[in-house]
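Read the structure below first, then the notes.
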Amino acid sequence: PRVPRRSSPSGDDTTMAEAYLSSSLGFSEAELHKVKVRYGRKFEPDVEDKIKPFLEWLSDLGMTDLEVHKVVAGCPMAFRYRLEETSKPVVLWLKGLGLDDSQVVKLVAKFPPLLTFSLEGVWKPKVQWLKGLGIEDSQVAKTMTKFPSLMGCSLEENLKPRVRW
């Protein structure tokens, strides 16, 4: 199906997704350009089915408008995923590790791509590896909030070789 477009002030065609981010979160044209580049293909996620539910969920987590803006700018590819299958289970799992709401918000705001990481393929193996190093559960949570980009590193190519060294 064709995505509705509107004309922007500069005369360019703008998708409804771009228009919504501009009006709801105050994205500038330069920021929208970065979002489109990070998205990696034509930026046309459905506003009603993808964008609005995701933004509302982030707000419900306790994020400020500025933090929501930062998350969308840092990880627009989250709009490609089903919220119920990716981001929500990650947050529930993080809370199960002992992170409270403010820690989850801090973690996600610092490194937004975390919301798109697979529980089975990324999160669980890294946490198990950290525990295997003798790091206690409470320290695993603390480490993640202090160094969220650590979770974005490859376990086999980055983390394990560095620890062996």
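Each chain in the structure tokens gets a letter, A, B, ..., in the order shown, and its residues are numbered from 1; ligands are numbered from 1 in order too.
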When you look at Glu120 (chain A) with a cut-off of 12 Å (counting only C-alpha atoms), what residues show up, excluding the ones that are within fewer than 5 positions of it in the same chain? I need them as a PDB file with all heavy atoms, in the first residue's frame.
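And here's result.pdb as it stands now:
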```
ATOM      1  N   THR A  86       9.570  -7.660  20.748  1.00  0.00           N
ATOM      2  CA  THR A  86      10.978  -7.288  20.894  1.00  0.00           C
ATOM      3  C   THR A  86      11.215  -6.400  22.102  1.00  0.00           C
ATOM      4  O   THR A  86      11.776  -6.836  23.096  1.00  0.00           O
ATOM      5  CB  THR A  86      11.487  -6.595  19.605  1.00  0.00           C
ATOM      6  OG1 THR A  86      11.193  -7.416  18.483  1.00  0.00           O
ATOM      7  CG2 THR A  86      12.980  -6.365  19.653  1.00  0.00           C
ATOM      8  N   PRO A  89       9.418  -7.389  25.760  1.00  0.00           N
ATOM      9  CA  PRO A  89      10.059  -8.509  26.468  1.00  0.00           C
ATOM     10  C   PRO A  89      11.448  -8.162  26.996  1.00  0.00           C
ATOM     11  O   PRO A  89      11.827  -8.620  28.082  1.00  0.00           O
ATOM     12  CB  PRO A  89      10.135  -9.615  25.408  1.00  0.00           C
ATOM     13  CG  PRO A  89       9.066  -9.290  24.428  1.00  0.00           C
ATOM     14  CD  PRO A  89       8.987  -7.792  24.412  1.00  0.00           C
ATOM     15  N   VAL A  90      12.208  -7.357  26.269  1.00  0.00           N
ATOM     16  CA  VAL A  90      13.533  -6.953  26.734  1.00  0.00           C
ATOM     17  C   VAL A  90      13.413  -6.179  28.040  1.00  0.00           C
ATOM     18  O   VAL A  90      14.120  -6.448  29.011  1.00  0.00           O
ATOM     19  CB  VAL A  90      14.280  -6.123  25.661  1.00  0.00           C
ATOM     20  CG1 VAL A  90      15.468  -5.387  26.251  1.00  0.00           C
ATOM     21  CG2 VAL A  90      14.727  -7.014  24.513  1.00  0.00           C
ATOM     22  N   TRP A  93      12.406  -8.410  30.920  1.00  0.00           N
ATOM     23  CA  TRP A  93      13.531  -9.246  31.313  1.00  0.00           C
ATOM     24  C   TRP A  93      14.540  -8.442  32.130  1.00  0.00           C
ATOM     25  O   TRP A  93      15.074  -8.923  33.127  1.00  0.00           O
ATOM     26  CB  TRP A  93      14.168  -9.845  30.060  1.00  0.00           C
ATOM     27  CG  TRP A  93      15.224 -10.854  30.351  1.00  0.00           C
ATOM     28  CD1 TRP A  93      15.051 -12.144  30.773  1.00  0.00           C
ATOM     29  CD2 TRP A  93      16.635 -10.658  30.259  1.00  0.00           C
ATOM     30  NE1 TRP A  93      16.270 -12.753  30.932  1.00  0.00           N
ATOM     31  CE2 TRP A  93      17.253 -11.863  30.619  1.00  0.00           C
ATOM     32  CE3 TRP A  93      17.426  -9.584  29.884  1.00  0.00           C
ATOM     33  CZ2 TRP A  93      18.634 -12.023  30.623  1.00  0.00           C
ATOM     34  CZ3 TRP A  93      18.801  -9.744  29.888  1.00  0.00           C
ATOM     35  CH2 TRP A  93      19.386 -10.957  30.261  1.00  0.00           C
ATOM     36  N   PRO A 125      22.900 -14.535  26.536  1.00  0.00           N
ATOM     37  CA  PRO A 125      24.289 -15.016  26.493  1.00  0.00           C
ATOM     38  C   PRO A 125      25.283 -14.045  27.154  1.00  0.00           C
ATOM     39  O   PRO A 125      26.209 -14.481  27.838  1.00  0.00           O
ATOM     40  CB  PRO A 125      24.584 -15.146  24.992  1.00  0.00           C
ATOM     41  CG  PRO A 125      23.260 -15.281  24.340  1.00  0.00           C
ATOM     42  CD  PRO A 125      22.295 -14.508  25.186  1.00  0.00           C
ATOM     43  N   LYS A 126      25.088 -12.751  26.969  1.00  0.00           N
ATOM     44  CA  LYS A 126      26.025 -11.788  27.562  1.00  0.00           C
ATOM     45  C   LYS A 126      25.899 -11.744  29.075  1.00  0.00           C
ATOM     46  O   LYS A 126      26.898 -11.684  29.786  1.00  0.00           O
ATOM     47  CB  LYS A 126      25.815 -10.398  26.964  1.00  0.00           C
ATOM     48  CG  LYS A 126      26.380 -10.321  25.567  1.00  0.00           C
ATOM     49  CD  LYS A 126      26.263  -8.954  24.982  1.00  0.00           C
ATOM     50  CE  LYS A 126      26.760  -9.014  23.537  1.00  0.00           C
ATOM     51  NZ  LYS A 126      26.301  -7.921  22.745  1.00  0.00           N
ATOM     52  N   VAL A 127      24.678 -11.803  29.560  1.00  0.00           N
ATOM     53  CA  VAL A 127      24.490 -11.796  31.014  1.00  0.00           C
ATOM     54  C   VAL A 127      25.044 -13.077  31.617  1.00  0.00           C
ATOM     55  O   VAL A 127      25.716 -13.043  32.650  1.00  0.00           O
ATOM     56  CB  VAL A 127      23.004 -11.570  31.378  1.00  0.00           C
ATOM     57  CG1 VAL A 127      22.743 -11.851  32.845  1.00  0.00           C
ATOM     58  CG2 VAL A 127      22.596 -10.136  31.030  1.00  0.00           C
ATOM     59  N   GLN A 128      24.822 -14.206  30.970  1.00  0.00           N
ATOM     60  CA  GLN A 128      25.383 -15.471  31.460  1.00  0.00           C
ATOM     61  C   GLN A 128      26.909 -15.414  31.466  1.00  0.00           C
ATOM     62  O   GLN A 128      27.548 -15.894  32.393  1.00  0.00           O
ATOM     63  CB  GLN A 128      24.898 -16.648  30.609  1.00  0.00           C
ATOM     64  CG  GLN A 128      23.478 -17.072  30.904  1.00  0.00           C
ATOM     65  CD  GLN A 128      23.262 -17.367  32.376  1.00  0.00           C
ATOM     66  OE1 GLN A 128      22.526 -16.667  33.050  1.00  0.00           O
ATOM     67  NE2 GLN A 128      23.911 -18.395  32.894  1.00  0.00           N
TER      68      GLN A 128
END
```
Please tabulate, as CSV, the residues of region 87-141 of chain A that come within 8 Å of region 150-156 of chain A, each with its closest pair of atoms and the distance in Å to one decimal, counting only C-alpha atoms and ordering rows by chain, then residue number upward.
```
residue,atom,partner,partner_atom,distance
A:Pro113,CA,A:Gly152,CA,7.9
A:Leu114,CA,A:Gly152,CA,7.2
A:Val122,CA,A:Met151,CA,7.7
A:Trp123,CA,A:Met151,CA,7.3
A:Lys126,CA,A:Leu155,CA,6.7
```
Any chance you could export the current selection's C-alpha atoms as a compact mmCIF listing (two decimals), in the first residue's frame?
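Final output, saved to selection06.txt:
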```txt
# COMPACT_ATOMS: atom_id res chain seq x y z
CA PRO A 113 19.53 0.05 20.03
CA LEU A 114 19.28 -2.17 23.13
CA VAL A 122 22.20 -11.18 22.65
CA TRP A 123 20.93 -10.42 26.14
CA LYS A 126 26.03 -11.79 27.56
```
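For Ser138 (chain A), the non-local neighbours within 9 Å, defined as residues at least 6 positions apart in the same chain or in other chains and counting only C-alpha atoms, are Leu97, Gly98 and Leu99 of chain A.
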Just-selected residues, C-alpha atoms written as a PDB file, in the first residue's frame:
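Produced file again_37.pdb, reproduced below:
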```
ATOM      1  CA  LEU A  97      17.319  -8.882  36.551  1.00  0.00           C
ATOM      2  CA  GLY A  98      16.630  -6.313  39.229  1.00  0.00           C
ATOM      3  CA  LEU A  99      16.658  -3.062  37.276  1.00  0.00           C
TER       4      LEU A  99
END
```
Give me the residues near Ala78 (chain A) as a PyMOL selection string, where near means some atom within 12 Å (using only C-alpha atoms) and where sequence neighbours in that chain fewer than 3 positions away do not count. chain A and resi 35+38-40+43+45+50-51+53-55+58+71-75+81-88+108+112-117
Could you give me the residues within region 4-164 of chain A that DSSP places in alpha helix (DSSP H), as an MDAnalysis selection string? chainID A and resid 16:25 29:39 52:61 65:74 87:96 101:110 124:132 137:146 160:164
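Shortest atom-to-atom contact with Ser149 (chain A) among A:Leu25, A:Arg80, A:Ala109, A:Met63: A:Ala109, counting only C-alpha atoms.
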